[in-house]
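Colleague: Got a structure for you, questions after.
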Amino acid sequence: MPENIKKAMFAGGCFWCLEPPISVLNGVISVIPGYSGGHTVNPTYEQVCSGATGHLEVIEVAFNSDIIGYGEIVEVFWRQIDPTDESGQFGDRGSQYSTAIFYYDEEQEAVAKKSKEKIAELFKFDMPIATRILKVEKFYPAEDYHHKYYEKNPYRYNLYKKASGRTKFINETWHKSDESEQSFRERLTPLQFDVTQNNATETPFENEYWNNSEKGLYVDIVTGEPLFSSKDKFDSDCGWPSFSKPVNEKAVIEKPDFSFGRERIEIRNESGVSHLGHLFDDGPTSNGLRYCINSAAVRFIAEKDFEKEGYGEYINKL
C-alpha cells in the first residue's frame with residue numbers, strides 16, 4: 001500500500017449512519033462497515049447485535065493523507081455521535097453500539113486524544129466523554145447489504161436516523177453553541193464579538209491579516225476549527241483576507257444574505273455560531289471563488305507553532 005494511503009476506524013453506533021458523512025469527504029477513498037473489538041471470528045450481524053461477541057459496529061476508512069488529514073476525519077466523526085452515552089447510541093442500546101476511535105499508530109492515538117480533549121472543552125457536556133480511544137483490532141467486513149445502505153434504501157435509512165433520535169441530537173448539539181452571550185463577551189474583543197455575533201464588517205486595509213503573507217493556518221476565533229490555509233490566500237485588493245477555498249469543505253456553511261438591499265452569500269462557521277464573511281464569484285483560481293473573511297473572525301497559527309497549538313496534522317495543507 002502506498003505510504004500516503006492510510007486507514008482509520010471508528011465506532012459510532014449503527015454503522016449505517018457513519019458511512020455517508022465520511023464517504024463524501026474529499027480524500028476519502030472508501031468507507032466499509034463492519035465489526036471489530038470482540039472475540040468471535042467472522043461474526044455475523046445477528047451475532048454482533050446480540051451483544052455476545054464483544055464486537056462493536058465500526059467503519060473502516062481508507063484515505064489519501066496528501067489530500068485529507070486524519071484529524072479532519074476525526075472531527076467529522078465526533079459530529080455524528082453522542083459522545084457522552086456509554087450504553088449505546090440513540091435508539092440502539094448495548095455495548096455493541098458504544099463509541100470508540102481505533103488508532104493504527106502513535107500519531108493517530110495522539111491526534112484522537114487531543115481531539116477528545118478539545119471537544120470536551122469546547123462543548124462543555126453535562127456528562128464526561130464516554131468515547132474510548134483504543135488500539136485497532138482485526139476488522140471483519142459486514143454483510144454486503146449493509147454497504148452503502150443509505151443509497152440502497154434511502155427512505156428506510158432516513159426514517160431510521162430520524163426516529164432513532166440521531167438527527168435531532170446532531171442538529172441541536174453540533175450545529176449550535178451552548179455558550180451564552182456573556183461568555184462570548186468575556187473571551188472575545190469588542191470587535192471580534194461584533195463581527196462574529198452581530199454580522200459586522202471590519203474596516204478594509206485596517207485589519208490584522210489583510211496583507212499577512214506568512215505561512216500558516218487561519219482558525220475559527222470562537223471554536224478553534226481550522227478554516228483556511230495560507231496556501232489558498234491571495235491578494236484581492238479588497239482590504240480583507242481572501243481565500244480560494246477552505247481547508248475542509250465542511251468547515252464553513254453558506255447562507256443567503258439579503259441585508260442592505262443586496263443579495264449575497266454569507267459564510268459562517270460549521271456550527272453556524274459565527275459570521276465569518278462573504279463568498280463571491282470573482283476569484284482568480286479555476287473555481288472562481290473568493291472567500292472574503294474578516295480578520296476579527298479568525299486567529300492565525302504560524303507554521304512553526306502547529307505542533308504546539310495542536311494542529312500538526314495540517315502541515316500538509318501549506
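As shown in the C-alpha cells, the chain order sets the letters A, B, ...; within each chain, residues go from 1, and ligands are also counted from 1 in the order they appear.
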Counting only C-alpha atoms, which residues in segment 229-257 of chain A sit no more than 12 Å from segment 307-316 of chain A? For each one, give the nearest pair of atoms and the distance in Å, sorted by chain then residue number, as a tab-separated table.
Modeller:
```
residue	atom	partner	partner_atom	distance
A:Ser229	CA	A:Tyr314	CA	8.9
A:Ser230	CA	A:Ile315	CA	11.1
A:Lys231	CA	A:Asn316	CA	10.2
A:Val247	CA	A:Tyr314	CA	8.8
A:Asn248	CA	A:Tyr314	CA	10.5
```
Colleague: Residues near segment 234-236 of chain A, anyone? I mean within 9 Å using only C-alpha atoms, not counting same-chain ones fewer than 2 positions away, as a list in words.
Modeller: Trp210, Asn211, Ser213, Ser230, Lys231, Asp232, Cys238, Gly239, Trp240, Pro241, Ser242, Phe243, Ser244, Gly283, Pro284, Arg290 and Cys292 of chain A
Colleague: With N, CA and C atoms retained, could you export that selection as a PDB file, in the first residue's frame?
Modeller:
```
ATOM      1  N   TRP A 210      -5.144  41.273   6.517  1.00  0.00           N
ATOM      2  CA  TRP A 210      -5.436  41.517   5.099  1.00  0.00           C
ATOM      3  C   TRP A 210      -4.198  41.373   4.213  1.00  0.00           C
ATOM      4  N   ASN A 211      -3.019  41.759   4.750  1.00  0.00           N
ATOM      5  CA  ASN A 211      -1.790  41.644   3.953  1.00  0.00           C
ATOM      6  C   ASN A 211      -0.775  40.700   4.587  1.00  0.00           C
ATOM      7  N   SER A 213       1.390  37.599   4.843  1.00  0.00           N
ATOM      8  CA  SER A 213       1.905  36.659   3.844  1.00  0.00           C
ATOM      9  C   SER A 213       2.650  35.484   4.478  1.00  0.00           C
ATOM     10  N   SER A 230      -2.807  29.380   4.357  1.00  0.00           N
ATOM     11  CA  SER A 230      -2.079  30.453   3.666  1.00  0.00           C
ATOM     12  C   SER A 230      -1.818  30.098   2.209  1.00  0.00           C
ATOM     13  N   LYS A 231      -1.775  28.793   1.899  1.00  0.00           N
ATOM     14  CA  LYS A 231      -1.545  28.349   0.521  1.00  0.00           C
ATOM     15  C   LYS A 231      -2.656  28.827  -0.414  1.00  0.00           C
ATOM     16  N   ASP A 232      -3.862  28.974   0.144  1.00  0.00           N
ATOM     17  CA  ASP A 232      -5.019  29.359  -0.665  1.00  0.00           C
ATOM     18  C   ASP A 232      -5.383  30.834  -0.500  1.00  0.00           C
ATOM     19  N   CYS A 238      -9.083  43.956  -1.966  1.00  0.00           N
ATOM     20  CA  CYS A 238     -10.337  44.393  -1.332  1.00  0.00           C
ATOM     21  C   CYS A 238     -10.117  44.880   0.094  1.00  0.00           C
ATOM     22  N   GLY A 239      -8.928  44.572   0.672  1.00  0.00           N
ATOM     23  CA  GLY A 239      -8.639  45.046   2.018  1.00  0.00           C
ATOM     24  C   GLY A 239      -8.992  44.084   3.128  1.00  0.00           C
ATOM     25  N   TRP A 240      -9.454  42.881   2.756  1.00  0.00           N
ATOM     26  CA  TRP A 240      -9.727  41.829   3.730  1.00  0.00           C
ATOM     27  C   TRP A 240      -9.017  40.550   3.300  1.00  0.00           C
ATOM     28  N   PRO A 241      -8.725  39.639   4.215  1.00  0.00           N
ATOM     29  CA  PRO A 241      -8.125  38.364   3.818  1.00  0.00           C
ATOM     30  C   PRO A 241      -9.038  37.631   2.844  1.00  0.00           C
ATOM     31  N   SER A 242      -8.484  37.125   1.752  1.00  0.00           N
ATOM     32  CA  SER A 242      -9.271  36.423   0.747  1.00  0.00           C
ATOM     33  C   SER A 242      -8.635  35.066   0.449  1.00  0.00           C
ATOM     34  N   PHE A 243      -9.493  34.068   0.294  1.00  0.00           N
ATOM     35  CA  PHE A 243      -9.033  32.698   0.072  1.00  0.00           C
ATOM     36  C   PHE A 243      -9.823  32.071  -1.072  1.00  0.00           C
ATOM     37  N   SER A 244      -9.195  31.129  -1.770  1.00  0.00           N
ATOM     38  CA  SER A 244      -9.865  30.469  -2.887  1.00  0.00           C
ATOM     39  C   SER A 244     -10.714  29.284  -2.437  1.00  0.00           C
ATOM     40  N   GLY A 283     -13.040  35.185  -7.897  1.00  0.00           N
ATOM     41  CA  GLY A 283     -11.706  34.719  -7.513  1.00  0.00           C
ATOM     42  C   GLY A 283     -10.832  34.389  -8.708  1.00  0.00           C
ATOM     43  N   PRO A 284      -9.498  34.356  -8.519  1.00  0.00           N
ATOM     44  CA  PRO A 284      -8.558  34.165  -9.638  1.00  0.00           C
ATOM     45  C   PRO A 284      -8.263  32.715  -9.997  1.00  0.00           C
ATOM     46  N   ARG A 290     -14.052  33.504  -4.229  1.00  0.00           N
ATOM     47  CA  ARG A 290     -13.303  34.354  -3.289  1.00  0.00           C
ATOM     48  C   ARG A 290     -14.015  34.353  -1.944  1.00  0.00           C
ATOM     49  N   CYS A 292     -14.145  35.982   1.224  1.00  0.00           N
ATOM     50  CA  CYS A 292     -13.712  37.254   1.807  1.00  0.00           C
ATOM     51  C   CYS A 292     -14.021  37.223   3.305  1.00  0.00           C
TER      52      CYS A 292
END
```
Colleague: Sorted by chain and rising residue number, list the residues of segment 230-273 of chain A at most 12 Å from segment 71-79 of chain A (counting only C-alpha atoms), each with its closest atom pair and distance in Å to one decimal, as a tab-separated table.
Modeller:
```
residue	atom	partner	partner_atom	distance
A:Val247	CA	A:Glu72	CA	9.4
A:Asn248	CA	A:Glu72	CA	7.6
A:Glu249	CA	A:Glu72	CA	10.5
A:Lys250	CA	A:Val76	CA	8.4
A:Ala251	CA	A:Glu72	CA	9.5
A:Glu270	CA	A:Arg79	CA	10.5
A:Ser271	CA	A:Arg79	CA	10.0
```
Colleague: Measuring between only C-alpha atoms, which one of A:Ala142, A:Phe123, A:Asn199, A:Gly27 shows the shortest distance to Glu172 of chain A?
Modeller: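 The shortest atom-to-atom distance to Glu172 of chain A comes from A:Phe123.
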Colleague: I'd like a table as a tab-separated table: residues in segment 42-79 of chain A with an atom no more than 12 Å from segment 126-141 of chain A, each row giving the shortest atom pair and its distance in Å to one decimal, only C-alpha atoms counted, sorted by chain and rising residue number.
Modeller:
```
residue	atom	partner	partner_atom	distance
A:Asn42	CA	A:Tyr140	CA	6.2
A:Pro43	CA	A:Tyr140	CA	7.4
A:Thr44	CA	A:Tyr140	CA	9.3
A:Tyr45	CA	A:Pro141	CA	10.1
A:Val48	CA	A:Tyr140	CA	11.2
A:Gly54	CA	A:Glu137	CA	11.9
A:His55	CA	A:Tyr140	CA	9.7
A:Leu56	CA	A:Phe139	CA	10.2
A:Glu57	CA	A:Tyr140	CA	9.8
A:Val58	CA	A:Phe139	CA	8.5
A:Ile59	CA	A:Pro141	CA	8.6
A:Glu60	CA	A:Phe139	CA	7.7
A:Val61	CA	A:Phe139	CA	11.2
A:Val74	CA	A:Ile133	CA	11.5
A:Phe77	CA	A:Thr131	CA	11.2
A:Trp78	CA	A:Thr131	CA	9.4
```
Colleague: Record the distance separating atom CA of Met9 of chain A and atom CA of Gly88 of chain A, expressed in Å with one decimal.
Modeller: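 Between atom CA of Met9 of chain A and atom CA of Gly88 of chain A the gap works out to 17.5 Å.
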Colleague: What's the separation between atom CA of Thr196 of chain A and atom CA of Tyr209 of chain A, in Å to one decimal place?
Modeller: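 Atom CA of Tyr209 of chain A lies 16.0 Å from atom CA of Thr196 of chain A.
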Colleague: Going by DSSP on the backbone, which residues of segment 23-192 of chain A come out as strand (DSSP E or B)? List them as a VMD selection string.
Modeller: chain A and resid 28 to 36 56 to 64 88 to 89 92 to 93 99 to 103 132 to 135 140 to 141
Colleague: Using DSSP assignments from the backbone, pull out every residue in segment 59-282 of chain A that falls under helix (DSSP H, G or I) and give it to me as a VMD selection string.
Modeller: chain A and resid 70 to 78 95 to 97 106 to 123 144 to 146 149 to 152 154 to 164 166 to 174 181 to 187 190 to 198 230 to 232 259 to 261
Colleague: Output C-alpha atoms for every residue in that selection, as a short mmCIF file (atom, residue, chain, number, x, y, z; two decimals), in the first residue's frame.
Modeller:
```cif
data_model
loop_
_atom_site.label_atom_id
_atom_site.label_comp_id
_atom_site.auth_asym_id
_atom_site.auth_seq_id
_atom_site.Cartn_x
_atom_site.Cartn_y
_atom_site.Cartn_z
CA TYR A 70 -6.60 12.14 9.94
CA GLY A 71 -7.66 14.88 12.35
CA GLU A 72 -10.17 16.23 9.83
CA ILE A 73 -11.90 12.84 9.65
CA VAL A 74 -11.92 12.58 13.45
CA GLU A 75 -13.66 15.97 13.69
CA VAL A 76 -16.42 14.81 11.31
CA PHE A 77 -16.81 11.58 13.32
CA TRP A 78 -17.46 13.48 16.58
CA SER A 95 -22.11 -2.39 24.24
CA GLN A 96 -22.06 -3.29 20.55
CA TYR A 97 -23.28 0.24 19.82
CA GLU A 106 1.01 6.50 17.91
CA GLU A 107 0.39 9.55 15.73
CA GLN A 108 -3.29 8.69 15.34
CA GLU A 109 -3.53 7.98 19.06
CA ALA A 110 -2.14 11.44 19.90
CA VAL A 111 -4.47 13.20 17.46
CA ALA A 112 -7.51 11.31 18.78
CA LYS A 113 -6.70 12.12 22.42
CA LYS A 114 -6.09 15.79 21.64
CA SER A 115 -9.35 15.97 19.70
CA LYS A 116 -11.25 14.36 22.58
CA GLU A 117 -9.89 16.97 24.97
CA LYS A 118 -10.83 19.78 22.58
CA ILE A 119 -14.40 18.50 22.14
CA ALA A 120 -14.91 18.31 25.91
CA GLU A 121 -13.52 21.83 26.38
CA LEU A 122 -15.48 23.48 23.57
CA PHE A 123 -18.90 21.91 24.10
CA ASP A 144 -22.93 -6.86 1.55
CA TYR A 145 -26.42 -5.48 2.13
CA HIS A 146 -25.06 -3.14 4.83
CA TYR A 149 -27.29 1.16 2.89
CA TYR A 150 -28.16 4.86 2.69
CA GLU A 151 -28.06 4.61 -1.12
CA LYS A 152 -29.79 1.24 -1.46
CA PRO A 154 -32.71 5.86 1.31
CA TYR A 155 -36.28 6.07 2.64
CA ARG A 156 -35.74 3.48 5.36
CA TYR A 157 -32.32 4.90 6.20
CA ASN A 158 -33.57 8.46 6.67
CA LEU A 159 -36.62 7.26 8.61
CA TYR A 160 -34.40 5.19 10.93
CA LYS A 161 -31.90 8.01 11.50
CA LYS A 162 -34.66 10.45 12.38
CA ALA A 163 -36.69 8.02 14.52
CA SER A 164 -33.59 6.93 16.47
CA ARG A 166 -29.66 10.89 15.98
CA THR A 167 -30.79 13.59 13.54
CA LYS A 168 -32.32 15.71 16.31
CA PHE A 169 -29.23 15.35 18.53
CA ILE A 170 -26.85 16.33 15.73
CA ASN A 171 -28.89 19.42 14.86
CA GLU A 172 -29.31 20.55 18.46
CA THR A 173 -25.80 19.75 19.71
CA TRP A 174 -23.29 20.11 16.91
CA GLU A 181 -23.66 35.98 25.07
CA GLN A 182 -21.89 36.92 28.29
CA SER A 183 -19.40 34.06 27.80
CA PHE A 184 -18.62 35.28 24.29
CA ARG A 185 -18.13 38.85 25.53
CA GLU A 186 -15.70 37.67 28.18
CA ARG A 187 -13.34 35.92 25.77
CA PRO A 190 -15.42 44.02 21.24
CA LEU A 191 -14.58 43.91 17.52
CA GLN A 192 -14.42 40.10 17.45
CA PHE A 193 -17.78 39.91 19.19
CA ASP A 194 -19.38 42.45 16.89
CA VAL A 195 -18.12 40.72 13.74
CA THR A 196 -18.85 37.12 14.72
CA GLN A 197 -22.09 37.63 16.66
CA ASN A 198 -23.62 40.75 15.10
CA SER A 230 -2.08 30.45 3.67
CA LYS A 231 -1.54 28.35 0.52
CA ASP A 232 -5.02 29.36 -0.66
CA SER A 259 -29.08 42.73 4.09
CA PHE A 260 -28.52 46.26 2.79
CA GLY A 261 -30.81 45.59 -0.15
#
```
Colleague: Looking at A:Lys304, A:Lys255, A:His278, A:Arg262, which one is nearest to Glu214 of chain A, with distances taken over only C-alpha atoms?
Modeller: A:Lys304
Colleague: So how far away is atom CA of Phe10 of chain A from atom CA of Leu318 of chain A, in Å?
Modeller: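 Atom CA of Leu318 of chain A sits 27.4 Å away from atom CA of Phe10 of chain A.
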Colleague: Looking at only C-alpha atoms, which of A:Met1, A:Pro226, A:Glu143, A:Val219 is the one that sits closest to Glu46 of chain A?
Modeller: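 Once distances to Glu46 of chain A are computed over only C-alpha atoms, the minimum belongs to A:Glu143.
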Colleague: As a ChimeraX atom specification, please: the residues near Ala297 of chain A (cut-off 8 Å, only C-alpha atoms, same-chain neighbours under 2 positions excluded).
Modeller: /A:192,195-196,220-222,274-276,293-295,299
Colleague: Those residues with N, CA and C atoms, as an mmCIF file, in the first residue's frame please?
Modeller:
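Final output, again-v9.cif:
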```cif
data_model
loop_
_atom_site.group_PDB
_atom_site.id
_atom_site.type_symbol
_atom_site.label_atom_id
_atom_site.label_comp_id
_atom_site.auth_asym_id
_atom_site.auth_seq_id
_atom_site.Cartn_x
_atom_site.Cartn_y
_atom_site.Cartn_z
ATOM 1 N N GLN A 192 -14.178 41.505 17.749
ATOM 2 C CA GLN A 192 -14.420 40.103 17.445
ATOM 3 C C GLN A 192 -15.862 39.720 17.738
ATOM 4 N N VAL A 195 -18.213 41.359 15.054
ATOM 5 C CA VAL A 195 -18.121 40.719 13.745
ATOM 6 C C VAL A 195 -18.778 39.339 13.768
ATOM 7 N N THR A 196 -18.384 38.502 14.727
ATOM 8 C CA THR A 196 -18.854 37.117 14.723
ATOM 9 C C THR A 196 -20.300 36.965 15.170
ATOM 10 N N ASP A 220 -10.881 29.299 13.363
ATOM 11 C CA ASP A 220 -12.053 29.994 13.888
ATOM 12 C C ASP A 220 -11.729 30.608 15.255
ATOM 13 N N ILE A 221 -11.997 31.882 15.419
ATOM 14 C CA ILE A 221 -11.684 32.574 16.673
ATOM 15 C C ILE A 221 -12.525 32.059 17.835
ATOM 16 N N VAL A 222 -13.704 31.485 17.524
ATOM 17 C CA VAL A 222 -14.612 31.001 18.565
ATOM 18 C C VAL A 222 -14.346 29.538 18.903
ATOM 19 N N SER A 274 -20.901 31.585 14.241
ATOM 20 C CA SER A 274 -20.168 32.818 13.949
ATOM 21 C C SER A 274 -20.243 33.233 12.486
ATOM 22 N N HIS A 275 -20.437 34.536 12.283
ATOM 23 C CA HIS A 275 -20.308 35.136 10.962
ATOM 24 C C HIS A 275 -18.821 35.281 10.640
ATOM 25 N N LEU A 276 -18.421 34.844 9.431
ATOM 26 C CA LEU A 276 -17.022 34.951 9.021
ATOM 27 C C LEU A 276 -16.813 36.017 7.956
ATOM 28 N N ILE A 293 -12.990 37.179 4.126
ATOM 29 C CA ILE A 293 -13.143 36.878 5.546
ATOM 30 C C ILE A 293 -12.673 38.039 6.417
ATOM 31 N N ASN A 294 -13.390 38.301 7.485
ATOM 32 C CA ASN A 294 -12.965 39.299 8.465
ATOM 33 C C ASN A 294 -11.807 38.768 9.304
ATOM 34 N N SER A 295 -10.764 39.568 9.453
ATOM 35 C CA SER A 295 -9.637 39.154 10.302
ATOM 36 C C SER A 295 -10.094 38.876 11.729
ATOM 37 N N ARG A 299 -8.132 33.392 13.877
ATOM 38 C CA ARG A 299 -6.836 33.518 14.550
ATOM 39 C C ARG A 299 -5.809 32.848 13.663
#
```
